[in-house]
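A short worksheet on the structure shown next.
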Amino acid sequence: MGFERFGKVSFAPFTKVSKFVDFLDEGKIKGTVCKKCGTFHFPPRGDCVSCTSSEIDWKEISGKGKLVTYTTIHAAPQGFEDDKPYTLAMVDLEEGGRALGWIEGLDEKALSIGMALKLEIKKLKDDRLTFVLRR
Amino acid sequence: MKIGVVGIGHGVFGRRNDATVQELAFEPFKEAMEDAGITQNDIDATVIGSSPEYHKQRSLPGVVTEYIGMNPKPAFLTEAACASSSAALYSAYGFIKSGMFDIVAVIGVQKMMELSTPEILALMGRVGDVQWESNFGTTFPGYYAMYARRHMHEFGTTEEQMAMVALKNHFYGAKNPKARFQKEVTMEKIMSSEMVASPLKIFDCCANADGAACIIVANEENAKKISDTSVWLEGVGSATAPFSVLNRPSISTIPSAVEAAKSAYKMADVEPKDIQVADVHDCFTIAEIMAYEDLRFCKRGEGGKFIEEKQTYIGGKIPVNVDGGLKSKGHPVGATGISMAYEAVKQLRGEAGERQVSGAEVALTHNVGGIGQYCFVNIYKR
């Protein structure tokens, strides 16, 4: 339990990495490191894809990354109709791994692939948490 | 042992408010049996390709096989999102090759239009990872829009070049009596159409549809007995890629397509230049441009230029989607793979009418599942 608080809506309430949300509460964004082979995962994983070990450590990330690609959603899915248009972007993180999130505080026209962005925690209503991408 | 296609059928794609899912499946199945000149008694098993999430009816193989009169023969369902029925054909190929069955009916069927567009957008968006992606309101066009934006950045591909794919596919769709949209469009109309997920506009996107298609395949002995115009399935390729786009090294290519193509070319002992007609997965215009590159019809990064030079029209280097593609036919996700197979066989038999590529002897189909997680590439010869 716990992971159902991540995101505007939740489709995956139960996961081995539900602690991720507890760390968000503490103001930290963390990925996982495999204790056995050292592989870093973001998004975090409870089981290592490289060596299949399930012993993991949590590692805080800076949130710094570079813009890989983006789009502005005009035709929104069920549950997001009131948010449109909203801009989604992917960033390659400085520590490795990749994140997808909403762009905040930047117009789509101001975006250029390769630019530096930062993943930041954002509180949503009903005690929910997510992250956004800002300059 | 070679695997031959002995019968094909294709239902009308579109908003089919006149039929249930099993009634849709019946239409191409009957047509394929008549095409082959056989009956249910001659067929050993049914493999159905479909995305079950769209239907209120559960357990499709049961309801379909009863309605089409295939009880008590065995039935199976394969799911690979938009490539579900190519997975069905791949399974049938294996069944026959192993000697388990001699003749198998493969049916791709989907009923989507009972759901509203926002419901479909939500459902399709969840073919991305629901834990880390869908909670941001991702959509299917949204993912391909991100591929498009990256492709434009890396290779200078333009919105106009993407529009040219739509222009071509609607040009040919106007010549296909089974297509959902049988009408040509203009560049101006495409370019000024409503934005769906930037940079993709509504005319960059294929349309949801209801529909079904069927192919009956047989071992060499039976294929020769049943038909003197058999088309042979000479190369099958299947591959997967990371489910999440967050785990893909490159997002300006579909890695499963590259792999599946490699396997199919090798098995059929052909090279890209030997393909004379192809049906590729143009769920979005950028997807067709990436397909040119992933299938090695042109060099990586040159897909935009390839359509601009009209190399994929009849008369160009390699005609692509001359049945109108998903773009004109509509995309009933489970039916699309077999719809492509139908076109390949029609072309090789010389039965494609106004859209016939004259003298075609080698055809290729490229069916991508989801946002590239699955791909099936098949090569047919006359």
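Here, A, B, ... name the chains of the structure tokens in the order displayed, residue numbers run from 1 inside each chain, and ligands are numbered from 1 in the same displayed order.
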
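In plain terms, chain A touches chain B through Gly7, Lys8, Val9, Ser10, Phe11, Ala12, Pro43, Val68, Thr69, Tyr70, Thr71, Thr72, Ile73, His74, Ala75, Ala76, Pro77, Gln78, Gly79, Phe80, Leu88, Met90, Gly97, Arg98, Ala99, Leu100, Gly101, Trp102 and Ile113 of chain A, where touching means an atom at most 8 Å away, counting only C-alpha atoms.
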
What does the file look like for those residues with C-alpha atoms, as a PDB file, in the first residue's frame?
ATOM      1  CA  GLY A   7      -0.008  10.487  -9.665  1.00  0.00           C
ATOM      2  CA  LYS A   8      -3.282  12.168 -10.491  1.00  0.00           C
ATOM      3  CA  VAL A   9      -4.900   8.762 -10.892  1.00  0.00           C
ATOM      4  CA  SER A  10      -3.543   5.382  -9.856  1.00  0.00           C
ATOM      5  CA  PHE A  11      -3.666   2.218 -11.906  1.00  0.00           C
ATOM      6  CA  ALA A  12      -1.040   0.336  -9.869  1.00  0.00           C
ATOM      7  CA  PRO A  43      11.961   4.359 -12.367  1.00  0.00           C
ATOM      8  CA  VAL A  68      14.585  13.852 -24.788  1.00  0.00           C
ATOM      9  CA  THR A  69      11.221  14.607 -26.375  1.00  0.00           C
ATOM     10  CA  TYR A  70       7.822  16.154 -25.611  1.00  0.00           C
ATOM     11  CA  THR A  71       4.254  16.592 -26.787  1.00  0.00           C
ATOM     12  CA  THR A  72       1.251  18.655 -25.839  1.00  0.00           C
ATOM     13  CA  ILE A  73      -1.869  16.561 -25.385  1.00  0.00           C
ATOM     14  CA  HIS A  74      -4.971  18.197 -26.848  1.00  0.00           C
ATOM     15  CA  ALA A  75      -7.206  15.097 -27.020  1.00  0.00           C
ATOM     16  CA  ALA A  76      -7.148  13.914 -23.414  1.00  0.00           C
ATOM     17  CA  PRO A  77      -8.092  10.529 -22.030  1.00  0.00           C
ATOM     18  CA  GLN A  78     -10.854   9.905 -19.506  1.00  0.00           C
ATOM     19  CA  GLY A  79      -9.973  11.545 -16.200  1.00  0.00           C
ATOM     20  CA  PHE A  80      -7.720  14.229 -17.733  1.00  0.00           C
ATOM     21  CA  LEU A  88       4.316  15.699 -21.399  1.00  0.00           C
ATOM     22  CA  MET A  90      10.723  12.710 -21.134  1.00  0.00           C
ATOM     23  CA  GLY A  97      17.372   6.241 -16.095  1.00  0.00           C
ATOM     24  CA  ARG A  98      14.576   8.273 -17.596  1.00  0.00           C
ATOM     25  CA  ALA A  99      11.436   9.952 -16.322  1.00  0.00           C
ATOM     26  CA  LEU A 100       8.185  11.050 -17.882  1.00  0.00           C
ATOM     27  CA  GLY A 101       6.287  13.940 -16.383  1.00  0.00           C
ATOM     28  CA  TRP A 102       4.316  17.123 -16.886  1.00  0.00           C
ATOM     29  CA  ILE A 113      15.379  18.945 -27.099  1.00  0.00           C
TER      30      ILE A 113
END

- Write out as a PyMOL selection string which residues come within 7 Å of region 206-213 of chain B when counting only C-alpha atoms, dropping same-chain ones fewer than 2 positions away. chain B and resi 9-16+24-25+28+107-113+204+283-284+326-327+330-332+335+338-339

Write a file of the selected residues as an mmCIF file, in the first residue's frame, keeping N, CA and C atoms.
data_model
loop_
_atom_site.group_PDB
_atom_site.id
_atom_site.type_symbol
_atom_site.label_atom_id
_atom_site.label_comp_id
_atom_site.auth_asym_id
_atom_site.auth_seq_id
_atom_site.Cartn_x
_atom_site.Cartn_y
_atom_site.Cartn_z
ATOM 1 N N GLY B 9 -10.392 -13.621 -46.412
ATOM 2 C CA GLY B 9 -11.648 -12.872 -46.345
ATOM 3 C C GLY B 9 -11.450 -11.583 -45.578
ATOM 4 N N HIS B 10 -12.229 -10.558 -45.924
ATOM 5 C CA HIS B 10 -12.072 -9.241 -45.291
ATOM 6 C C HIS B 10 -13.446 -8.604 -45.117
ATOM 7 N N GLY B 11 -13.829 -8.346 -43.889
ATOM 8 C CA GLY B 11 -15.101 -7.674 -43.639
ATOM 9 C C GLY B 11 -14.987 -6.182 -43.902
ATOM 10 N N VAL B 12 -16.112 -5.489 -43.882
ATOM 11 C CA VAL B 12 -16.098 -4.035 -44.043
ATOM 12 C C VAL B 12 -15.718 -3.408 -42.701
ATOM 13 N N PHE B 13 -14.719 -2.532 -42.722
ATOM 14 C CA PHE B 13 -14.278 -1.835 -41.520
ATOM 15 C C PHE B 13 -15.085 -0.547 -41.368
ATOM 16 N N GLY B 14 -15.337 -0.167 -40.122
ATOM 17 C CA GLY B 14 -16.020 1.105 -39.887
ATOM 18 C C GLY B 14 -16.826 1.052 -38.622
ATOM 19 N N ARG B 15 -17.779 1.954 -38.491
ATOM 20 C CA ARG B 15 -18.658 1.908 -37.315
ATOM 21 C C ARG B 15 -19.735 0.875 -37.603
ATOM 22 N N ARG B 16 -19.593 -0.310 -37.038
ATOM 23 C CA ARG B 16 -20.479 -1.416 -37.382
ATOM 24 C C ARG B 16 -21.553 -1.607 -36.311
ATOM 25 N N LEU B 24 -19.276 -10.077 -36.592
ATOM 26 C CA LEU B 24 -18.200 -9.492 -37.416
ATOM 27 C C LEU B 24 -17.242 -10.583 -37.881
ATOM 28 N N ALA B 25 -16.884 -11.496 -36.977
ATOM 29 C CA ALA B 25 -15.923 -12.555 -37.301
ATOM 30 C C ALA B 25 -16.463 -13.498 -38.371
ATOM 31 N N PRO B 28 -15.712 -12.486 -42.660
ATOM 32 C CA PRO B 28 -14.497 -12.864 -43.404
ATOM 33 C C PRO B 28 -14.220 -14.359 -43.337
ATOM 34 N N ILE B 107 -8.362 -15.695 -37.418
ATOM 35 C CA ILE B 107 -9.321 -14.591 -37.520
ATOM 36 C C ILE B 107 -8.851 -13.430 -36.643
ATOM 37 N N GLY B 108 -8.754 -12.268 -37.249
ATOM 38 C CA GLY B 108 -8.500 -11.052 -36.472
ATOM 39 C C GLY B 108 -9.817 -10.319 -36.348
ATOM 40 N N VAL B 109 -10.214 -9.968 -35.149
ATOM 41 C CA VAL B 109 -11.520 -9.314 -34.985
ATOM 42 C C VAL B 109 -11.486 -8.321 -33.836
ATOM 43 N N GLN B 110 -12.187 -7.203 -34.004
ATOM 44 C CA GLN B 110 -12.231 -6.187 -32.947
ATOM 45 C C GLN B 110 -13.484 -5.353 -33.066
ATOM 46 N N LYS B 111 -14.114 -5.138 -31.944
ATOM 47 C CA LYS B 111 -15.239 -4.207 -31.890
ATOM 48 C C LYS B 111 -14.857 -3.115 -30.911
ATOM 49 N N MET B 112 -14.596 -1.906 -31.414
ATOM 50 C CA MET B 112 -14.096 -0.827 -30.573
ATOM 51 C C MET B 112 -15.113 0.283 -30.347
ATOM 52 N N MET B 113 -16.006 0.443 -31.312
ATOM 53 C CA MET B 113 -16.785 1.673 -31.383
ATOM 54 C C MET B 113 -17.942 1.743 -30.385
ATOM 55 N N ASP B 204 -2.945 12.961 -39.108
ATOM 56 C CA ASP B 204 -1.759 12.115 -38.924
ATOM 57 C C ASP B 204 -2.136 10.801 -38.240
ATOM 58 N N CYS B 283 -0.232 3.466 -38.030
ATOM 59 C CA CYS B 283 -1.221 3.940 -37.050
ATOM 60 C C CYS B 283 -1.140 5.462 -36.957
ATOM 61 N N PHE B 284 0.064 5.992 -37.189
ATOM 62 C CA PHE B 284 0.281 7.435 -37.302
ATOM 63 C C PHE B 284 1.231 7.634 -38.476
ATOM 64 N N LEU B 326 -3.755 1.659 -42.522
ATOM 65 C CA LEU B 326 -4.653 1.822 -41.375
ATOM 66 C C LEU B 326 -5.350 3.179 -41.475
ATOM 67 N N LYS B 327 -4.615 4.106 -42.061
ATOM 68 C CA LYS B 327 -5.063 5.485 -42.195
ATOM 69 C C LYS B 327 -6.434 5.577 -42.876
ATOM 70 N N GLY B 330 -9.082 2.299 -41.461
ATOM 71 C CA GLY B 330 -9.469 2.268 -40.055
ATOM 72 C C GLY B 330 -8.645 1.178 -39.399
ATOM 73 N N HIS B 331 -8.596 1.216 -38.065
ATOM 74 C CA HIS B 331 -7.700 0.314 -37.336
ATOM 75 C C HIS B 331 -8.462 -0.419 -36.232
ATOM 76 N N PRO B 332 -9.208 -1.479 -36.609
ATOM 77 C CA PRO B 332 -9.803 -2.323 -35.576
ATOM 78 C C PRO B 332 -8.676 -3.186 -35.035
ATOM 79 N N ALA B 335 -7.945 -6.812 -35.780
ATOM 80 C CA ALA B 335 -8.144 -7.269 -37.166
ATOM 81 C C ALA B 335 -7.032 -6.811 -38.101
ATOM 82 N N ILE B 338 -4.326 -9.286 -39.900
ATOM 83 C CA ILE B 338 -4.845 -10.158 -40.959
ATOM 84 C C ILE B 338 -5.353 -9.332 -42.143
ATOM 85 N N SER B 339 -5.773 -8.107 -41.882
ATOM 86 C CA SER B 339 -6.126 -7.203 -42.978
ATOM 87 C C SER B 339 -4.909 -6.973 -43.870
#

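Closest approach to Gly65 (chain A) among A:Ser18, A:Lys30, A:Val91, A:Arg128: A:Val91, based on only C-alpha atoms.
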
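Counting from CA of Phe297 (chain B), the distance to CA of Pro272 (chain B) is 5.8 Å.
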
- Query: Could you pull the residues within 6 Å of Lys64 (chain A), counting only C-alpha atoms, minus those fewer than 2 positions along the same chain, as a count of residues only?
  - Reply: 4

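Rounded to one decimal, CA of Ala92 (chain B) and CA of Ala105 (chain B) lie 8.0 Å from each other.
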
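Going from CA of Leu115 (chain B) over to CA of Pro177 (chain B), you cover 25.4 Å.
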
- Please, which residues of chain A, numbered as in this document, come out strand (DSSP E or B) from DSSP, as a PyMOL selection string? chain A and resi 6+30-34+40-41+56-60+64-73+86-93+98-103+116-124+128-134

Next, write the just-selected residues to a file, as a short mmCIF file (atom, residue, chain, number, x, y, z; two decimals), in the first residue's frame, keeping N, CA and C atoms as the atom set.
data_model
loop_
_atom_site.label_atom_id
_atom_site.label_comp_id
_atom_site.auth_asym_id
_atom_site.auth_seq_id
_atom_site.Cartn_x
_atom_site.Cartn_y
_atom_site.Cartn_z
N PHE A 6 0.46 7.99 -5.65
CA PHE A 6 1.33 8.57 -6.69
C PHE A 6 0.54 8.85 -7.97
N LYS A 30 13.83 9.17 -5.25
CA LYS A 30 14.85 8.13 -5.20
C LYS A 30 14.64 7.05 -6.26
N GLY A 31 15.75 6.53 -6.76
CA GLY A 31 15.75 5.35 -7.61
C GLY A 31 16.28 4.18 -6.81
N THR A 32 16.45 3.04 -7.44
CA THR A 32 16.98 1.87 -6.72
C THR A 32 18.33 1.45 -7.29
N VAL A 33 19.16 0.91 -6.39
CA VAL A 33 20.45 0.35 -6.81
C VAL A 33 20.46 -1.11 -6.38
N CYS A 34 20.86 -1.98 -7.27
CA CYS A 34 20.96 -3.40 -6.93
C CYS A 34 22.16 -3.60 -6.00
N PHE A 40 21.69 0.67 -11.49
CA PHE A 40 20.78 1.72 -11.01
C PHE A 40 19.52 1.72 -11.86
N HIS A 41 18.37 1.84 -11.21
CA HIS A 41 17.10 1.88 -11.93
C HIS A 41 16.30 3.13 -11.60
N ILE A 56 17.72 -4.61 -2.81
CA ILE A 56 17.94 -3.28 -3.37
C ILE A 56 18.18 -2.23 -2.30
N ASP A 57 18.88 -1.20 -2.69
CA ASP A 57 19.04 0.00 -1.86
C ASP A 57 18.34 1.15 -2.58
N TRP A 58 17.95 2.16 -1.80
CA TRP A 58 17.38 3.37 -2.41
C TRP A 58 18.46 4.43 -2.52
N LYS A 59 18.45 5.17 -3.63
CA LYS A 59 19.45 6.21 -3.82
C LYS A 59 18.77 7.49 -4.30
N GLU A 60 19.02 8.57 -3.57
CA GLU A 60 18.40 9.84 -3.96
C GLU A 60 19.02 10.37 -5.25
N LYS A 64 18.07 16.33 -11.85
CA LYS A 64 18.54 17.03 -13.06
C LYS A 64 18.55 16.09 -14.26
N GLY A 65 18.10 16.62 -15.40
CA GLY A 65 18.09 15.79 -16.60
C GLY A 65 18.03 16.63 -17.86
N LYS A 66 18.08 15.93 -18.98
CA LYS A 66 18.04 16.62 -20.28
C LYS A 66 16.80 16.17 -21.06
N LEU A 67 16.16 17.12 -21.69
CA LEU A 67 14.92 16.84 -22.42
C LEU A 67 15.17 15.93 -23.64
N VAL A 68 14.45 14.82 -23.68
CA VAL A 68 14.59 13.85 -24.79
C VAL A 68 13.54 14.12 -25.87
N THR A 69 12.31 14.32 -25.44
CA THR A 69 11.22 14.61 -26.38
C THR A 69 10.00 15.08 -25.59
N TYR A 70 9.00 15.60 -26.30
CA TYR A 70 7.82 16.15 -25.61
C TYR A 70 6.65 16.23 -26.56
N THR A 71 5.47 16.38 -25.99
CA THR A 71 4.25 16.59 -26.79
C THR A 71 3.24 17.33 -25.93
N THR A 72 2.37 18.07 -26.58
CA THR A 72 1.25 18.65 -25.84
C THR A 72 -0.01 17.90 -26.21
N ILE A 73 -0.66 17.37 -25.19
CA ILE A 73 -1.87 16.56 -25.38
C ILE A 73 -3.09 17.48 -25.49
N TYR A 86 -2.09 19.82 -21.91
CA TYR A 86 -0.95 19.68 -20.99
C TYR A 86 0.24 19.09 -21.75
N THR A 87 1.44 19.48 -21.33
CA THR A 87 2.63 19.05 -22.05
C THR A 87 3.34 17.94 -21.28
N LEU A 88 3.59 16.83 -21.97
CA LEU A 88 4.32 15.70 -21.40
C LEU A 88 5.73 15.73 -21.94
N ALA A 89 6.67 15.37 -21.11
CA ALA A 89 8.06 15.34 -21.59
C ALA A 89 8.80 14.18 -20.96
N MET A 90 9.83 13.74 -21.66
CA MET A 90 10.72 12.71 -21.13
C MET A 90 12.09 13.34 -20.94
N VAL A 91 12.71 13.00 -19.81
CA VAL A 91 14.08 13.47 -19.58
C VAL A 91 14.99 12.30 -19.26
N ASP A 92 16.20 12.37 -19.78
CA ASP A 92 17.24 11.43 -19.37
C ASP A 92 17.91 12.03 -18.14
N LEU A 93 17.91 11.26 -17.05
CA LEU A 93 18.40 11.79 -15.77
C LEU A 93 19.92 11.71 -15.67
N ARG A 98 15.36 7.27 -16.87
CA ARG A 98 14.58 8.27 -17.60
C ARG A 98 13.27 8.48 -16.86
N ALA A 99 12.73 9.67 -16.95
CA ALA A 99 11.44 9.95 -16.32
C ALA A 99 10.50 10.63 -17.31
N LEU A 100 9.22 10.36 -17.11
CA LEU A 100 8.19 11.05 -17.88
C LEU A 100 7.39 11.89 -16.90
N GLY A 101 7.07 13.11 -17.29
CA GLY A 101 6.29 13.94 -16.38
C GLY A 101 5.69 15.13 -17.10
N TRP A 102 4.91 15.91 -16.33
CA TRP A 102 4.32 17.12 -16.89
C TRP A 102 5.33 18.25 -16.87
N ILE A 103 5.30 19.05 -17.92
CA ILE A 103 6.07 20.29 -17.93
C ILE A 103 5.29 21.34 -17.16
N ALA A 116 18.27 21.57 -20.34
CA ALA A 116 18.29 21.06 -18.96
C ALA A 116 16.94 21.31 -18.30
N LEU A 117 16.41 20.28 -17.65
CA LEU A 117 15.17 20.39 -16.89
C LEU A 117 15.38 19.71 -15.54
N LYS A 118 14.48 20.01 -14.60
CA LYS A 118 14.63 19.40 -13.28
C LYS A 118 13.31 18.78 -12.82
N LEU A 119 13.42 17.56 -12.34
CA LEU A 119 12.27 16.84 -11.80
C LEU A 119 12.02 17.36 -10.38
N GLU A 120 10.79 17.83 -10.13
CA GLU A 120 10.48 18.35 -8.79
C GLU A 120 9.19 17.72 -8.28
N ILE A 121 9.14 17.54 -6.97
CA ILE A 121 7.95 16.93 -6.36
C ILE A 121 6.83 17.96 -6.32
N LYS A 122 5.63 17.50 -6.61
CA LYS A 122 4.49 18.39 -6.53
C LYS A 122 3.37 17.71 -5.75
N LYS A 123 2.76 18.50 -4.83
CA LYS A 123 1.62 17.97 -4.07
C LYS A 123 0.33 18.22 -4.84
N LEU A 124 -0.48 17.20 -4.93
CA LEU A 124 -1.79 17.34 -5.58
C LEU A 124 -2.86 17.28 -4.50
N ARG A 128 -2.35 13.54 -2.58
CA ARG A 128 -1.63 12.80 -3.62
C ARG A 128 -0.33 13.52 -3.97
N LEU A 129 0.60 12.76 -4.55
CA LEU A 129 1.91 13.33 -4.89
C LEU A 129 2.29 12.94 -6.31
N THR A 130 3.02 13.83 -6.96
CA THR A 130 3.55 13.48 -8.27
C THR A 130 4.85 14.25 -8.47
N PHE A 131 5.40 14.18 -9.69
CA PHE A 131 6.51 15.08 -9.98
C PHE A 131 6.26 15.82 -11.28
N VAL A 132 6.89 16.95 -11.40
CA VAL A 132 6.76 17.78 -12.60
C VAL A 132 8.17 18.12 -13.09
N LEU A 133 8.23 18.59 -14.31
CA LEU A 133 9.51 19.01 -14.89
C LEU A 133 9.51 20.52 -15.06
N ARG A 134 10.52 21.14 -14.48
CA ARG A 134 10.65 22.60 -14.56
C ARG A 134 12.03 22.96 -15.09
#

- Message: Here is a test: counting only C-alpha atoms, which residue of B:Cys214, B:Ile286, B:Ala241, B:Ala88 is nearest to Glu160 (chain B)?
- Response: B:Ile286

- Message: I want to know what sits within 6 Å of region 65-81 of chain B, based on only C-alpha atoms, with residues of the same chain fewer than 6 positions away left out; could you give that as number ranges by chain?
- Response: B: 26, 45-51, 88, 369-370

- Message: DSSP on the backbone, helix (DSSP H, G or I) only: what residues of region 138-196 of chain B does that give? Format it as a ChimeraX atom specification.
- Response: /B:140-155,159-173,187-191

Please write the residues from the selection above to a file, keeping N, CA and C atoms, as a compact mmCIF listing (two decimals), in the first residue's frame.
# COMPACT_ATOMS: atom_id res chain seq x y z
N PHE B 140 -2.18 7.22 -26.71
CA PHE B 140 -1.52 6.52 -27.80
C PHE B 140 -0.92 7.52 -28.82
N PRO B 141 -1.75 8.49 -29.28
CA PRO B 141 -1.15 9.51 -30.16
C PRO B 141 -0.03 10.26 -29.46
N GLY B 142 -0.13 10.42 -28.16
CA GLY B 142 0.88 11.15 -27.40
C GLY B 142 2.25 10.48 -27.49
N TYR B 143 2.27 9.16 -27.37
CA TYR B 143 3.54 8.43 -27.49
C TYR B 143 4.15 8.61 -28.89
N TYR B 144 3.31 8.40 -29.92
CA TYR B 144 3.84 8.54 -31.29
C TYR B 144 4.23 9.99 -31.58
N ALA B 145 3.55 10.93 -30.93
CA ALA B 145 3.92 12.34 -31.07
C ALA B 145 5.33 12.56 -30.52
N MET B 146 5.63 11.87 -29.42
CA MET B 146 6.97 12.02 -28.84
C MET B 146 8.03 11.37 -29.75
N TYR B 147 7.66 10.25 -30.40
CA TYR B 147 8.58 9.66 -31.39
C TYR B 147 8.79 10.65 -32.54
N ALA B 148 7.68 11.25 -32.98
CA ALA B 148 7.75 12.19 -34.11
C ALA B 148 8.65 13.37 -33.78
N ARG B 149 8.44 13.94 -32.60
CA ARG B 149 9.23 15.12 -32.20
C ARG B 149 10.73 14.77 -32.17
N ARG B 150 11.03 13.59 -31.69
CA ARG B 150 12.43 13.16 -31.62
C ARG B 150 13.00 12.91 -33.03
N HIS B 151 12.17 12.29 -33.88
CA HIS B 151 12.60 12.02 -35.26
C HIS B 151 12.87 13.33 -36.00
N MET B 152 12.01 14.31 -35.76
CA MET B 152 12.19 15.62 -36.39
C MET B 152 13.50 16.25 -35.92
N HIS B 153 13.76 16.11 -34.63
CA HIS B 153 14.97 16.69 -34.04
C HIS B 153 16.23 16.01 -34.58
N GLU B 154 16.20 14.67 -34.66
CA GLU B 154 17.42 13.95 -35.06
C GLU B 154 17.68 14.04 -36.56
N PHE B 155 16.61 14.03 -37.35
CA PHE B 155 16.80 13.87 -38.80
C PHE B 155 16.23 15.00 -39.66
N GLU B 159 6.70 18.23 -40.60
CA GLU B 159 5.26 17.96 -40.51
C GLU B 159 4.67 17.76 -41.91
N GLU B 160 5.23 18.46 -42.90
CA GLU B 160 4.75 18.32 -44.28
C GLU B 160 5.03 16.90 -44.78
N GLN B 161 6.22 16.38 -44.47
CA GLN B 161 6.55 15.02 -44.91
C GLN B 161 5.60 14.00 -44.29
N MET B 162 5.27 14.21 -43.02
CA MET B 162 4.32 13.31 -42.37
C MET B 162 2.96 13.41 -43.06
N ALA B 163 2.56 14.62 -43.39
CA ALA B 163 1.28 14.83 -44.07
C ALA B 163 1.25 14.11 -45.42
N MET B 164 2.41 14.02 -46.07
CA MET B 164 2.49 13.35 -47.38
C MET B 164 2.16 11.86 -47.27
N VAL B 165 2.42 11.27 -46.12
CA VAL B 165 2.06 9.86 -45.89
C VAL B 165 0.53 9.74 -45.89
N ALA B 166 -0.11 10.67 -45.19
CA ALA B 166 -1.59 10.66 -45.13
C ALA B 166 -2.17 10.89 -46.53
N LEU B 167 -1.54 11.81 -47.26
CA LEU B 167 -2.00 12.13 -48.62
C LEU B 167 -1.98 10.87 -49.49
N LYS B 168 -0.87 10.16 -49.45
CA LYS B 168 -0.72 8.92 -50.24
C LYS B 168 -1.74 7.86 -49.82
N ASN B 169 -1.85 7.66 -48.52
CA ASN B 169 -2.70 6.56 -48.06
C ASN B 169 -4.18 6.83 -48.32
N HIS B 170 -4.58 8.08 -48.26
CA HIS B 170 -5.97 8.39 -48.62
C HIS B 170 -6.17 8.32 -50.13
N PHE B 171 -5.14 8.64 -50.89
CA PHE B 171 -5.20 8.51 -52.36
C PHE B 171 -5.52 7.07 -52.74
N TYR B 172 -4.82 6.12 -52.09
CA TYR B 172 -5.06 4.71 -52.39
C TYR B 172 -6.31 4.16 -51.69
N GLY B 173 -6.60 4.68 -50.51
CA GLY B 173 -7.79 4.23 -49.78
C GLY B 173 -9.07 4.46 -50.60
N MET B 187 -3.45 18.27 -49.13
CA MET B 187 -2.39 18.66 -48.18
C MET B 187 -2.90 19.76 -47.25
N GLU B 188 -3.65 20.69 -47.83
CA GLU B 188 -4.15 21.81 -47.05
C GLU B 188 -5.06 21.32 -45.92
N LYS B 189 -5.92 20.37 -46.25
CA LYS B 189 -6.86 19.84 -45.25
C LYS B 189 -6.09 19.10 -44.14
N ILE B 190 -5.08 18.34 -44.53
CA ILE B 190 -4.29 17.60 -43.54
C ILE B 190 -3.57 18.58 -42.61
N MET B 191 -2.87 19.55 -43.22
CA MET B 191 -2.03 20.47 -42.45
C MET B 191 -2.85 21.39 -41.55

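Of the residues under consideration (B:Ile216, B:Ile38, B:Ala291, B:Val64), B:Val64 shows the shortest atom-to-atom contact distance to Val21 (chain B) when counting only C-alpha atoms.
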
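All residues of protein, DNA or RNA that reach within 9 Å of Gly2 (chain A), judged by only C-alpha atoms and not counting those fewer than 3 positions away in the chain, are Arg5, Phe6, Pro13, Phe14, Thr15, Ser18, Lys19, Phe20, Val21 and Asp22 of chain A.
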
May I have the selected residues written with C-alpha atoms, as a PDB file, in the first residue's frame?
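Dumped to out_9.pdb:
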ATOM      1  CA  ARG A   5      -1.074   8.157  -3.749  1.00  0.00           C
ATOM      2  CA  PHE A   6       1.325   8.573  -6.686  1.00  0.00           C
ATOM      3  CA  PRO A  13      -1.693   0.670  -6.131  1.00  0.00           C
ATOM      4  CA  PHE A  14       0.422  -2.315  -5.080  1.00  0.00           C
ATOM      5  CA  THR A  15       4.118  -2.577  -5.853  1.00  0.00           C
ATOM      6  CA  SER A  18       5.795   1.663  -2.706  1.00  0.00           C
ATOM      7  CA  LYS A  19       8.399   3.288  -0.416  1.00  0.00           C
ATOM      8  CA  PHE A  20       9.013   5.645  -3.347  1.00  0.00           C
ATOM      9  CA  VAL A  21       5.979   7.621  -2.158  1.00  0.00           C
ATOM     10  CA  ASP A  22       7.231   7.768   1.453  1.00  0.00           C
TER      11      ASP A  22
END

Please identify all polymer residues within 10 Å of Asp274 (chain B), counting only C-alpha atoms, omitting same-chain residues fewer than 6 positions from it, and present them as a CSV table (one decimal) with N, CA and C atoms, in the first residue's frame.
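This went into result_4.csv:
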chain,number,residue,atom,x,y,z
B,265,TYR,N,13.5,-11.4,-43.2
B,265,TYR,CA,14.3,-11.4,-44.4
B,265,TYR,C,15.2,-12.6,-44.5
B,297,PHE,N,13.9,-0.1,-46.1
B,297,PHE,CA,13.6,0.4,-47.5
B,297,PHE,C,14.4,1.6,-47.9
B,318,ILE,N,9.3,1.3,-53.9
B,318,ILE,CA,8.5,0.2,-53.3
B,318,ILE,C,7.2,0.7,-52.8
B,361,GLU,N,5.5,-10.3,-57.0
B,361,GLU,CA,5.8,-11.7,-56.6
B,361,GLU,C,6.3,-11.8,-55.1
B,362,VAL,N,6.7,-10.7,-54.5
B,362,VAL,CA,7.2,-10.8,-53.2
B,362,VAL,C,6.5,-9.6,-52.4
B,363,ALA,N,5.8,-10.0,-51.3
B,363,ALA,CA,5.1,-9.0,-50.5
B,363,ALA,C,5.5,-9.1,-49.1
B,364,LEU,N,5.5,-7.9,-48.4
B,364,LEU,CA,5.8,-7.9,-47.0
B,364,LEU,C,4.7,-7.2,-46.2

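Nearest to Pro85 (chain A) of all the residues A:Asp126, A:Asp25, A:Asp107, A:Glu4 is A:Asp107, based on only C-alpha atoms.
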